[in-house]
There are 2 protein chains.
Amino acid sequence: MIKYAILGLLHYTDMHGYRIKEHIEQNFGNMWSINYGQIYPNLKKLYDDGLISMTEITQNGEKGPPRKLYSITEKGKNEFAGWLDNSPEKPMLLRDPFLMRFVFYGFGDMSRSVEVIDDQIKRYEKDLKRRKKNLKKRDNSGIYVQLIADLGVNLNEMFLSWLKHSKKEILENISKNEQEKTNPEIRRAAG
Amino acid sequence: MIKYAILGLLHYTDMHGYRIKEHIEQNFGNMWSINYGQIYPNLKKLYDDGLISMTEITQNGEKGPPRKLYSITEKGKNEFAGWLDNSPEKPMLLRDPFLMRFVFYGFGDMSRSVEVIDDQIKRYEKDLKRRKKNLKKRDNSGIYVQLIADLGVNLNEMFLSWLKHSKKEILENISKNEQEKTNPEIRRAAG
DNA sequence: TCTACCATGTAATCTGTTACATGATTGC
DNA sequence: GCAATCATGTAACAGATTACATGGTAGA
């Protein structure tokens with residue numbers, strides 16, 4: 001998959017590994033996590049397969065540390081076009097350690113779960129600010145990239161309001177349980 | 001991670017491997033993908049570590065094919081409680097081959113992208129129906145499980161309306177481009 | 001009998017993650 | 001000189017995926 005992300009990015013402009021990582025983090029950071037352990041071996045393989053070409057820049061004209069600049073070849077463009085056209089049709093996957101734990105909080109301490117939700121709210125409020133700022137910057141980067149950025153904002157907003165709703169529900173549940181503990185007759189009367 | 005999903009599920013009731021896979025698919029199918037290549041080796045390891053115990057049922061009283069019924073042990077419950085309490089704090093990850101391709105559709109055929117969006121709309125409308133039906137069934141399965149089910153519905157609704165909005169935007173873009181091709185003076189006059 | 005489904009498992013492979021090593025450049 | 005950042009890379013490990021092998025049961 002990272003293979004095609006690299007080929008896609010090289011359609012825009014020639015890049016070296018470090019820059020590719022930056023771009024992937026910025027453009028689909030919430031979709032794909034990325035590290036050098038994937039980038040450099042993949043670049044090597046793409047190069048060996050003739051899908052990209054490479055120019056080594058060793059402190060000559062260009063400033064900065066020595067780097068390897070990669071471009072996409074015709075063969076690479078064809079490979080990429082083929083991939084764009086045929087759907088692997090695998091479903092969306094939302095992977096979140098927080099959600100994974102959340103399902104099971106019923107077996108733990110409920111007030112602890114409220115703390116964890118508060119952490120998440122703080123985190124996603126920060127994220128949302130950053131994303132909205134980026135939306136304005138990206139006005140001329142093409143309709144598809146813009147739409148993906150919109151999706152990021154929508155997802156963030158939806159998740160935040162779900163977190164707030166969940167916190168409210170859990171707090172109500174906690175106070176209901178406490179009332180039942182101190183005044184058991186309420187429950188008996190109601191039931 | 002699957003390790004803890006298994007330990008969590010075994011809090012509800014004793015289960016065998018096949019049933020665990022079913023439950024994971026139903027409860028966090030859109031969060032985690034699962035296959036037997038993960039389930040059975042994990043069960044074996046959990047058993048070897050004493051976190052779960054096992055009873056073999058070989059065509060005796062119970063009907064059906066021979067199976068191994070697993071229960072969680074005290075040690076397993078402690079391990080699980082520890083995991084519930086401390087956050088790995090890794091960010092949410094939305095992995096979707098469709099979205100991955102979507103970012104790059106600018107390099108492909110725009111009308112093809114509309115077709116692909118239509119496929120996605122069909123798929124998620126179906127999914128939404130199924131999820132809403134399940135919401136009603138799950139009324140008594142505890143607040144956390146219910147909230148996660150709500151999230152699934154919210155995510156689905158958000159994504160659907162984003163898909164529809166995107167389709168509209170792309171169609172507008174296509175017709176704008178075609179107008180510019182046939183009447184280039186419009187663009188010159190506007191610019 | 002044949003199909004569909006229930007049930008358990010493994011081997012090979014692929015992908016992703018962590019941690020480390022190396023060194024250049026820029027700005028304080 | 002030192003810290004931060006830019007830049008490239010690899011080895012070891014962890015996790016996920018695919019494909020296969022095996023066999024039982026239920027119902028058409």
# chains A, B, ... in the order shown; residues from 1 in each chain; ligands from 1

call {"tool": "select_by_dssp", "arguments": {"residues": "segment 54-170 of chain B", "states": "helix (DSSP H, G or I)", "output": "compact mmCIF listing (two decimals) with N, CA and C atoms, in the first residue's frame"}}
result
# COMPACT_ATOMS: atom_id res chain seq x y z
N GLU B 74 -8.20 -16.05 37.10
CA GLU B 74 -7.96 -14.87 37.94
C GLU B 74 -6.75 -14.09 37.43
N LYS B 75 -5.72 -14.83 37.08
CA LYS B 75 -4.51 -14.21 36.53
C LYS B 75 -4.86 -13.40 35.27
N GLY B 76 -5.70 -13.99 34.44
CA GLY B 76 -6.12 -13.32 33.22
C GLY B 76 -6.90 -12.05 33.50
N LYS B 77 -7.77 -12.13 34.52
CA LYS B 77 -8.56 -10.94 34.89
C LYS B 77 -7.66 -9.81 35.38
N ASN B 78 -6.63 -10.16 36.15
CA ASN B 78 -5.69 -9.15 36.64
C ASN B 78 -4.93 -8.49 35.50
N GLU B 79 -4.44 -9.33 34.61
CA GLU B 79 -3.72 -8.83 33.44
C GLU B 79 -4.60 -7.86 32.64
N PHE B 80 -5.85 -8.26 32.47
CA PHE B 80 -6.79 -7.43 31.71
C PHE B 80 -7.08 -6.10 32.41
N ALA B 81 -7.26 -6.18 33.73
CA ALA B 81 -7.55 -4.96 34.51
C ALA B 81 -6.39 -3.97 34.41
N GLY B 82 -5.17 -4.49 34.43
CA GLY B 82 -3.99 -3.64 34.30
C GLY B 82 -3.97 -2.93 32.95
N TRP B 83 -4.33 -3.66 31.92
CA TRP B 83 -4.34 -3.10 30.58
C TRP B 83 -5.42 -2.01 30.44
N LEU B 84 -6.59 -2.27 31.03
CA LEU B 84 -7.69 -1.30 30.98
C LEU B 84 -7.25 0.04 31.58
N ASP B 85 -6.41 -0.05 32.60
CA ASP B 85 -6.07 1.14 33.39
C ASP B 85 -4.99 2.02 32.79
N PRO B 97 -8.71 1.52 1.90
CA PRO B 97 -8.13 1.49 0.55
C PRO B 97 -8.84 2.47 -0.39
N PHE B 98 -10.15 2.61 -0.19
CA PHE B 98 -10.90 3.55 -1.03
C PHE B 98 -10.39 4.98 -0.84
N LEU B 99 -10.21 5.41 0.41
CA LEU B 99 -9.73 6.77 0.68
C LEU B 99 -8.31 6.97 0.17
N MET B 100 -7.51 5.95 0.34
CA MET B 100 -6.13 5.99 -0.13
C MET B 100 -6.09 6.30 -1.62
N ARG B 101 -6.97 5.62 -2.37
CA ARG B 101 -7.02 5.87 -3.81
C ARG B 101 -7.64 7.23 -4.11
N PHE B 102 -8.65 7.56 -3.31
CA PHE B 102 -9.40 8.79 -3.53
C PHE B 102 -8.50 10.03 -3.63
N TYR B 105 -7.19 10.53 -7.13
CA TYR B 105 -8.03 10.44 -8.32
C TYR B 105 -7.84 11.62 -9.27
N GLY B 106 -7.25 12.70 -8.76
CA GLY B 106 -6.93 13.83 -9.61
C GLY B 106 -6.02 13.45 -10.77
N PHE B 107 -5.25 12.37 -10.61
CA PHE B 107 -4.35 11.91 -11.68
C PHE B 107 -5.02 10.89 -12.60
N MET B 110 -11.81 11.36 -13.87
CA MET B 110 -12.74 11.89 -12.87
C MET B 110 -14.09 11.19 -12.88
N SER B 111 -14.58 10.84 -14.09
CA SER B 111 -15.90 10.21 -14.13
C SER B 111 -15.84 8.79 -13.55
N ARG B 112 -14.65 8.17 -13.66
CA ARG B 112 -14.46 6.86 -13.01
C ARG B 112 -14.59 7.02 -11.49
N SER B 113 -14.09 8.12 -10.96
CA SER B 113 -14.15 8.33 -9.51
C SER B 113 -15.59 8.47 -9.03
N VAL B 114 -16.46 9.02 -9.89
CA VAL B 114 -17.87 9.13 -9.53
C VAL B 114 -18.51 7.74 -9.42
N GLU B 115 -18.13 6.86 -10.35
CA GLU B 115 -18.62 5.48 -10.29
C GLU B 115 -18.24 4.81 -8.97
N VAL B 116 -16.97 5.01 -8.60
CA VAL B 116 -16.46 4.38 -7.38
C VAL B 116 -17.17 4.94 -6.15
N ILE B 117 -17.45 6.24 -6.18
CA ILE B 117 -18.19 6.85 -5.07
C ILE B 117 -19.59 6.25 -4.97
N ASP B 118 -20.24 6.05 -6.13
CA ASP B 118 -21.57 5.43 -6.11
C ASP B 118 -21.56 4.04 -5.48
N ASP B 119 -20.51 3.27 -5.79
CA ASP B 119 -20.36 1.94 -5.16
C ASP B 119 -20.29 2.07 -3.65
N GLN B 120 -19.48 3.03 -3.20
CA GLN B 120 -19.32 3.23 -1.76
C GLN B 120 -20.63 3.64 -1.10
N ILE B 121 -21.38 4.53 -1.78
CA ILE B 121 -22.66 4.97 -1.22
C ILE B 121 -23.59 3.78 -1.03
N LYS B 122 -23.68 2.92 -2.06
CA LYS B 122 -24.53 1.73 -1.96
C LYS B 122 -24.13 0.88 -0.76
N ARG B 123 -22.83 0.64 -0.66
CA ARG B 123 -22.30 -0.21 0.40
C ARG B 123 -22.62 0.35 1.80
N TYR B 124 -22.42 1.65 1.98
CA TYR B 124 -22.60 2.20 3.32
C TYR B 124 -24.06 2.44 3.67
N GLU B 125 -24.92 2.54 2.64
CA GLU B 125 -26.35 2.62 2.93
C GLU B 125 -26.86 1.28 3.46
N LYS B 126 -26.35 0.22 2.86
CA LYS B 126 -26.66 -1.13 3.32
C LYS B 126 -26.18 -1.31 4.78
N ASP B 127 -24.91 -0.96 5.00
CA ASP B 127 -24.30 -1.08 6.32
C ASP B 127 -25.08 -0.32 7.38
N LEU B 128 -25.52 0.89 7.02
CA LEU B 128 -26.23 1.73 7.98
C LEU B 128 -27.53 1.08 8.42
N LYS B 129 -28.23 0.51 7.46
CA LYS B 129 -29.47 -0.20 7.79
C LYS B 129 -29.20 -1.31 8.80
N ARG B 130 -28.17 -2.10 8.52
CA ARG B 130 -27.82 -3.23 9.39
C ARG B 130 -27.48 -2.73 10.80
N ARG B 131 -26.69 -1.66 10.86
CA ARG B 131 -26.27 -1.13 12.15
C ARG B 131 -27.46 -0.62 12.97
N LYS B 132 -28.36 0.07 12.29
CA LYS B 132 -29.51 0.62 13.01
C LYS B 132 -30.40 -0.49 13.56
N LYS B 133 -30.51 -1.58 12.79
CA LYS B 133 -31.27 -2.73 13.25
C LYS B 133 -30.62 -3.31 14.51
N ASN B 134 -29.29 -3.42 14.47
CA ASN B 134 -28.55 -3.99 15.60
C ASN B 134 -28.65 -3.13 16.86
N LEU B 135 -28.75 -1.81 16.67
CA LEU B 135 -28.86 -0.89 17.82
C LEU B 135 -30.01 -1.29 18.73
N LYS B 136 -31.14 -1.61 18.12
CA LYS B 136 -32.34 -1.95 18.89
C LYS B 136 -32.14 -3.25 19.67
N LYS B 137 -31.50 -4.23 19.01
CA LYS B 137 -31.24 -5.52 19.66
C LYS B 137 -30.39 -5.38 20.91
N ILE B 143 -23.82 -0.01 28.94
CA ILE B 143 -23.71 1.32 28.37
C ILE B 143 -22.54 1.48 27.41
N TYR B 144 -21.38 0.85 27.71
CA TYR B 144 -20.20 1.05 26.87
C TYR B 144 -20.37 0.40 25.50
N VAL B 145 -20.91 -0.78 25.50
CA VAL B 145 -21.14 -1.48 24.23
C VAL B 145 -22.15 -0.70 23.39
N GLN B 146 -23.18 -0.18 24.05
CA GLN B 146 -24.17 0.62 23.35
C GLN B 146 -23.58 1.88 22.73
N LEU B 147 -22.71 2.56 23.52
CA LEU B 147 -22.09 3.79 23.02
C LEU B 147 -21.21 3.51 21.81
N ILE B 148 -20.50 2.39 21.85
CA ILE B 148 -19.67 2.03 20.70
C ILE B 148 -20.54 1.76 19.47
N ALA B 149 -21.69 1.12 19.70
CA ALA B 149 -22.61 0.88 18.58
C ALA B 149 -23.13 2.21 18.03
N ASP B 150 -23.42 3.16 18.92
CA ASP B 150 -23.83 4.51 18.48
C ASP B 150 -22.75 5.14 17.60
N LEU B 151 -21.52 5.01 18.05
CA LEU B 151 -20.41 5.59 17.30
C LEU B 151 -20.36 5.02 15.89
N GLY B 152 -20.57 3.71 15.79
CA GLY B 152 -20.59 3.07 14.48
C GLY B 152 -21.63 3.70 13.57
N VAL B 153 -22.81 3.93 14.10
CA VAL B 153 -23.88 4.56 13.32
C VAL B 153 -23.50 5.99 12.94
N ASN B 154 -22.97 6.75 13.90
CA ASN B 154 -22.56 8.13 13.62
C ASN B 154 -21.51 8.19 12.51
N LEU B 155 -20.52 7.31 12.64
CA LEU B 155 -19.45 7.28 11.65
C LEU B 155 -20.02 6.99 10.26
N ASN B 156 -20.91 6.02 10.23
CA ASN B 156 -21.53 5.62 8.98
C ASN B 156 -22.32 6.77 8.36
N GLU B 157 -23.09 7.47 9.17
CA GLU B 157 -23.90 8.58 8.66
C GLU B 157 -23.03 9.72 8.17
N MET B 158 -22.01 10.03 8.95
CA MET B 158 -21.09 11.10 8.57
C MET B 158 -20.42 10.78 7.23
N PHE B 159 -19.97 9.54 7.10
CA PHE B 159 -19.25 9.14 5.90
C PHE B 159 -20.16 9.19 4.67
N LEU B 160 -21.41 8.74 4.85
CA LEU B 160 -22.37 8.77 3.75
C LEU B 160 -22.62 10.20 3.27
N SER B 161 -22.81 11.11 4.20
CA SER B 161 -23.12 12.47 3.75
C SER B 161 -21.88 13.11 3.11
N TRP B 162 -20.71 12.72 3.59
CA TRP B 162 -19.48 13.20 2.95
C TRP B 162 -19.36 12.66 1.51
N LEU B 163 -19.70 11.40 1.34
CA LEU B 163 -19.64 10.79 0.00
C LEU B 163 -20.57 11.53 -0.97
N LYS B 164 -21.78 11.82 -0.47
CA LYS B 164 -22.76 12.49 -1.34
C LYS B 164 -22.32 13.91 -1.68
N HIS B 165 -21.78 14.59 -0.68
CA HIS B 165 -21.26 15.93 -0.91
C HIS B 165 -20.10 15.91 -1.91
N SER B 166 -19.22 14.92 -1.75
CA SER B 166 -18.07 14.81 -2.64
C SER B 166 -18.50 14.56 -4.08
N LYS B 167 -19.49 13.68 -4.23
CA LYS B 167 -19.99 13.38 -5.58
C LYS B 167 -20.48 14.66 -6.25
N LYS B 168 -21.26 15.43 -5.51
CA LYS B 168 -21.80 16.68 -6.03
C LYS B 168 -20.68 17.63 -6.47
N GLU B 169 -19.70 17.79 -5.60
CA GLU B 169 -18.57 18.69 -5.89
C GLU B 169 -17.82 18.26 -7.14
N ILE B 170 -17.61 16.94 -7.26
CA ILE B 170 -16.83 16.43 -8.39
C ILE B 170 -17.62 16.60 -9.69

call {"tool": "closest_atom_pairs", "arguments": {"of": "chain A", "to": "chain D", "cutoff": "10 Å", "atoms": "only C-alpha atoms (C1' of nucleotides)", "output": "tab-separated table"}}
result
residue	atom	partner	partner_atom	distance
A:His16	CA	D:DA7	C1'	9.0
A:Gly17	CA	D:DT8	C1'	8.1
A:Tyr18	CA	D:DA7	C1'	6.5
A:Arg19	CA	D:DA7	C1'	9.4
A:Tyr36	CA	D:DG9	C1'	8.4
A:Gly37	CA	D:DT10	C1'	8.2
A:Tyr40	CA	D:DG9	C1'	7.2
A:Pro41	CA	D:DG9	C1'	8.8
A:Gly64	CA	D:DC6	C1'	7.5
A:Pro65	CA	D:DA7	C1'	6.3
A:Pro66	CA	D:DA7	C1'	7.1
A:Arg67	CA	D:DA7	C1'	6.5
A:Lys68	CA	D:DT8	C1'	8.8

call {"tool": "write_last_selection", "arguments": {"atoms": "N, CA and C atoms", "output": "compact mmCIF listing (two decimals), in the first residue's frame"}}
result
# COMPACT_ATOMS: atom_id res chain seq x y z
N HIS A 16 12.64 13.16 -2.01
CA HIS A 16 13.50 12.18 -1.35
C HIS A 16 12.74 11.60 -0.15
N GLY A 17 13.27 10.53 0.40
CA GLY A 17 12.58 9.75 1.42
C GLY A 17 12.03 10.56 2.59
N TYR A 18 12.85 11.42 3.11
CA TYR A 18 12.47 12.20 4.29
C TYR A 18 11.24 13.06 3.98
N ARG A 19 11.25 13.68 2.81
CA ARG A 19 10.13 14.54 2.39
C ARG A 19 8.86 13.71 2.16
N TYR A 36 10.36 5.18 8.83
CA TYR A 36 11.46 5.01 7.89
C TYR A 36 11.69 3.55 7.54
N GLY A 37 11.37 2.69 8.48
CA GLY A 37 11.50 1.27 8.24
C GLY A 37 10.64 0.78 7.07
N TYR A 40 12.27 3.59 3.30
CA TYR A 40 13.52 3.35 2.58
C TYR A 40 13.57 1.98 1.90
N PRO A 41 13.16 0.92 2.56
CA PRO A 41 13.13 -0.36 1.85
C PRO A 41 12.19 -0.34 0.65
N GLY A 64 22.06 21.61 1.96
CA GLY A 64 21.53 20.56 2.83
C GLY A 64 22.35 19.30 2.79
N PRO A 65 22.02 18.36 3.64
CA PRO A 65 22.75 17.10 3.72
C PRO A 65 22.56 16.28 2.44
N PRO A 66 23.44 15.32 2.17
CA PRO A 66 23.34 14.52 0.95
C PRO A 66 22.00 13.79 0.91
N ARG A 67 21.38 13.76 -0.25
CA ARG A 67 20.10 13.06 -0.35
C ARG A 67 19.88 12.47 -1.74
N LYS A 68 18.89 11.57 -1.79
CA LYS A 68 18.59 10.89 -3.05
C LYS A 68 17.22 11.33 -3.55

call {"tool": "closest_atom_pairs", "arguments": {"of": "chain A", "to": "chain B", "cutoff": "6 Å", "atoms": "only C-alpha atoms", "output": "tab-separated table"}}
result
residue	atom	partner	partner_atom	distance
A:Asn30	CA	B:Leu93	CA	5.3
A:Met31	CA	B:Leu94	CA	4.4
A:Met92	CA	B:Asp96	CA	4.5
A:Leu93	CA	B:Arg95	CA	5.0
A:Leu94	CA	B:Met31	CA	4.4
A:Arg95	CA	B:Met31	CA	4.9
A:Asp96	CA	B:Met92	CA	4.5
A:Val103	CA	B:Val145	CA	5.3
A:Tyr144	CA	B:Val103	CA	5.3
A:Val145	CA	B:Val103	CA	5.3

call {"tool": "write_last_selection", "arguments": {"atoms": "all heavy atoms", "output": "PDB file, in the first residue's frame"}}
result
ATOM      1  N   ASN A  30      -3.843  10.566   9.477  1.00  0.00           N
ATOM      2  CA  ASN A  30      -4.855   9.884  10.291  1.00  0.00           C
ATOM      3  C   ASN A  30      -5.364   8.618   9.594  1.00  0.00           C
ATOM      4  O   ASN A  30      -6.244   7.942  10.080  1.00  0.00           O
ATOM      5  CB  ASN A  30      -6.012  10.814  10.599  1.00  0.00           C
ATOM      6  CG  ASN A  30      -6.588  11.438   9.355  1.00  0.00           C
ATOM      7  OD1 ASN A  30      -5.862  11.837   8.462  1.00  0.00           O
ATOM      8  ND2 ASN A  30      -7.904  11.491   9.278  1.00  0.00           N
ATOM      9  N   MET A  31      -4.756   8.322   8.454  1.00  0.00           N
ATOM     10  CA  MET A  31      -5.181   7.145   7.725  1.00  0.00           C
ATOM     11  C   MET A  31      -4.120   6.069   7.777  1.00  0.00           C
ATOM     12  O   MET A  31      -4.410   4.906   7.786  1.00  0.00           O
ATOM     13  CB  MET A  31      -5.394   7.515   6.262  1.00  0.00           C
ATOM     14  CG  MET A  31      -6.831   7.716   5.914  1.00  0.00           C
ATOM     15  SD  MET A  31      -6.962   7.743   4.138  1.00  0.00           S
ATOM     16  CE  MET A  31      -6.410   9.402   3.798  1.00  0.00           C
ATOM     17  N   MET A  92     -13.459  -0.327   5.190  1.00  0.00           N
ATOM     18  CA  MET A  92     -12.829   0.650   6.069  1.00  0.00           C
ATOM     19  C   MET A  92     -12.502   0.030   7.432  1.00  0.00           C
ATOM     20  O   MET A  92     -13.245  -0.812   7.930  1.00  0.00           O
ATOM     21  CB  MET A  92     -13.812   1.795   6.253  1.00  0.00           C
ATOM     22  CG  MET A  92     -13.408   2.843   7.243  1.00  0.00           C
ATOM     23  SD  MET A  92     -14.778   3.961   7.575  1.00  0.00           S
ATOM     24  CE  MET A  92     -14.796   4.937   6.101  1.00  0.00           C
ATOM     25  N   LEU A  93     -11.407   0.469   7.993  1.00  0.00           N
ATOM     26  CA  LEU A  93     -10.982  -0.054   9.289  1.00  0.00           C
ATOM     27  C   LEU A  93     -10.632   1.100  10.217  1.00  0.00           C
ATOM     28  O   LEU A  93      -9.746   1.892   9.911  1.00  0.00           O
ATOM     29  CB  LEU A  93      -9.738  -0.914   9.084  1.00  0.00           C
ATOM     30  CG  LEU A  93      -9.602  -2.156   9.918  1.00  0.00           C
ATOM     31  CD1 LEU A  93     -10.710  -3.130   9.566  1.00  0.00           C
ATOM     32  CD2 LEU A  93      -8.257  -2.804   9.668  1.00  0.00           C
ATOM     33  N   LEU A  94     -11.331   1.195  11.345  1.00  0.00           N
ATOM     34  CA  LEU A  94     -11.023   2.248  12.319  1.00  0.00           C
ATOM     35  C   LEU A  94     -10.310   1.605  13.497  1.00  0.00           C
ATOM     36  O   LEU A  94     -10.911   0.868  14.264  1.00  0.00           O
ATOM     37  CB  LEU A  94     -12.312   2.919  12.785  1.00  0.00           C
ATOM     38  CG  LEU A  94     -12.180   4.092  13.739  1.00  0.00           C
ATOM     39  CD1 LEU A  94     -11.539   5.280  13.058  1.00  0.00           C
ATOM     40  CD2 LEU A  94     -13.541   4.490  14.278  1.00  0.00           C
ATOM     41  N   ARG A  95      -9.026   1.880  13.588  1.00  0.00           N
ATOM     42  CA  ARG A  95      -8.207   1.238  14.617  1.00  0.00           C
ATOM     43  C   ARG A  95      -7.861   2.266  15.665  1.00  0.00           C
ATOM     44  O   ARG A  95      -7.179   3.236  15.396  1.00  0.00           O
ATOM     45  CB  ARG A  95      -6.916   0.762  13.970  1.00  0.00           C
ATOM     46  CG  ARG A  95      -6.658  -0.714  14.017  1.00  0.00           C
ATOM     47  CD  ARG A  95      -5.317  -0.976  13.395  1.00  0.00           C
ATOM     48  NE  ARG A  95      -5.004  -2.378  13.307  1.00  0.00           N
ATOM     49  CZ  ARG A  95      -5.404  -3.174  12.329  1.00  0.00           C
ATOM     50  NH1 ARG A  95      -6.157  -2.696  11.361  1.00  0.00           N
ATOM     51  NH2 ARG A  95      -5.059  -4.433  12.322  1.00  0.00           N
ATOM     52  N   ASP A  96      -8.309   2.023  16.897  1.00  0.00           N
ATOM     53  CA  ASP A  96      -8.050   2.992  17.958  1.00  0.00           C
ATOM     54  C   ASP A  96      -7.962   2.273  19.308  1.00  0.00           C
ATOM     55  O   ASP A  96      -8.949   1.743  19.793  1.00  0.00           O
ATOM     56  CB  ASP A  96      -9.175   4.033  17.977  1.00  0.00           C
ATOM     57  CG  ASP A  96      -8.864   5.183  18.916  1.00  0.00           C
ATOM     58  OD1 ASP A  96      -7.930   5.053  19.720  1.00  0.00           O
ATOM     59  OD2 ASP A  96      -9.568   6.203  18.837  1.00  0.00           O
ATOM     60  N   VAL A 103     -14.803  -0.330  24.919  1.00  0.00           N
ATOM     61  CA  VAL A 103     -15.859  -1.352  24.907  1.00  0.00           C
ATOM     62  C   VAL A 103     -15.901  -2.136  26.214  1.00  0.00           C
ATOM     63  O   VAL A 103     -16.945  -2.633  26.617  1.00  0.00           O
ATOM     64  CB  VAL A 103     -15.660  -2.399  23.787  1.00  0.00           C
ATOM     65  CG1 VAL A 103     -16.972  -3.052  23.414  1.00  0.00           C
ATOM     66  CG2 VAL A 103     -14.976  -1.833  22.590  1.00  0.00           C
ATOM     67  N   TYR A 144      -9.692  16.690  -4.853  1.00  0.00           N
ATOM     68  CA  TYR A 144      -9.681  15.429  -4.092  1.00  0.00           C
ATOM     69  C   TYR A 144      -8.946  15.573  -2.762  1.00  0.00           C
ATOM     70  O   TYR A 144      -9.402  15.080  -1.736  1.00  0.00           O
ATOM     71  CB  TYR A 144      -9.088  14.289  -4.928  1.00  0.00           C
ATOM     72  CG  TYR A 144      -9.950  13.934  -6.113  1.00  0.00           C
ATOM     73  CD1 TYR A 144      -9.724  14.510  -7.353  1.00  0.00           C
ATOM     74  CD2 TYR A 144     -11.013  13.054  -5.982  1.00  0.00           C
ATOM     75  CE1 TYR A 144     -10.526  14.206  -8.451  1.00  0.00           C
ATOM     76  CE2 TYR A 144     -11.820  12.735  -7.065  1.00  0.00           C
ATOM     77  CZ  TYR A 144     -11.573  13.311  -8.294  1.00  0.00           C
ATOM     78  OH  TYR A 144     -12.363  13.012  -9.362  1.00  0.00           O
ATOM     79  N   VAL A 145      -7.832  16.265  -2.807  1.00  0.00           N
ATOM     80  CA  VAL A 145      -7.068  16.487  -1.578  1.00  0.00           C
ATOM     81  C   VAL A 145      -7.882  17.336  -0.600  1.00  0.00           C
ATOM     82  O   VAL A 145      -7.928  17.063   0.604  1.00  0.00           O
ATOM     83  CB  VAL A 145      -5.709  17.158  -1.896  1.00  0.00           C
ATOM     84  CG1 VAL A 145      -4.957  17.461  -0.624  1.00  0.00           C
ATOM     85  CG2 VAL A 145      -4.870  16.275  -2.804  1.00  0.00           C
TER      86      VAL A 145
END

call {"tool": "closest_atom_pairs", "arguments": {"of": "chain C", "to": "chain B", "cutoff": "10 Å", "atoms": "only C-alpha atoms (C1' of nucleotides)", "output": "Markdown table"}}
result
| residue | atom | partner | partner_atom | distance |
| --- | --- | --- | --- | --- |
| C:DC6 | C1' | B:Pro65 | CA | 6.7 |
| C:DA7 | C1' | B:Pro65 | CA | 6.2 |
| C:DT8 | C1' | B:Arg67 | CA | 7.6 |
| C:DG9 | C1' | B:Tyr40 | CA | 7.1 |
| C:DT10 | C1' | B:Gly37 | CA | 8.2 |

call {"tool": "atom_distance", "arguments": {"atom1": "atom CA of Ile6 of chain B", "atom2": "atom C1' of DT18 of chain C"}}
result
25.0 Å

call {"tool": "atom_distance", "arguments": {"atom1": "atom CA of Ser141 of chain B", "atom2": "atom CA of Lys45 of chain B"}}
result
28.9 Å

call {"tool": "atom_distance", "arguments": {"atom1": "atom CA of Asp49 of chain A", "atom2": "atom CA of Glu25 of chain A"}}
result
25.2 Å

call {"tool": "select_by_dssp", "arguments": {"residues": "segment 44-161 of chain B", "states": "strand (DSSP E)", "output": "ChimeraX atom specification"}}
result
/B:52-57,67-72,93-95

call {"tool": "closest_residue", "arguments": {"among": "A:Ile24, A:Met15, A:Ile34, A:Leu10", "to": "DT17 of chain C", "atoms": "only C-alpha atoms (C1' of nucleotides)"}}
result
A:Ile34
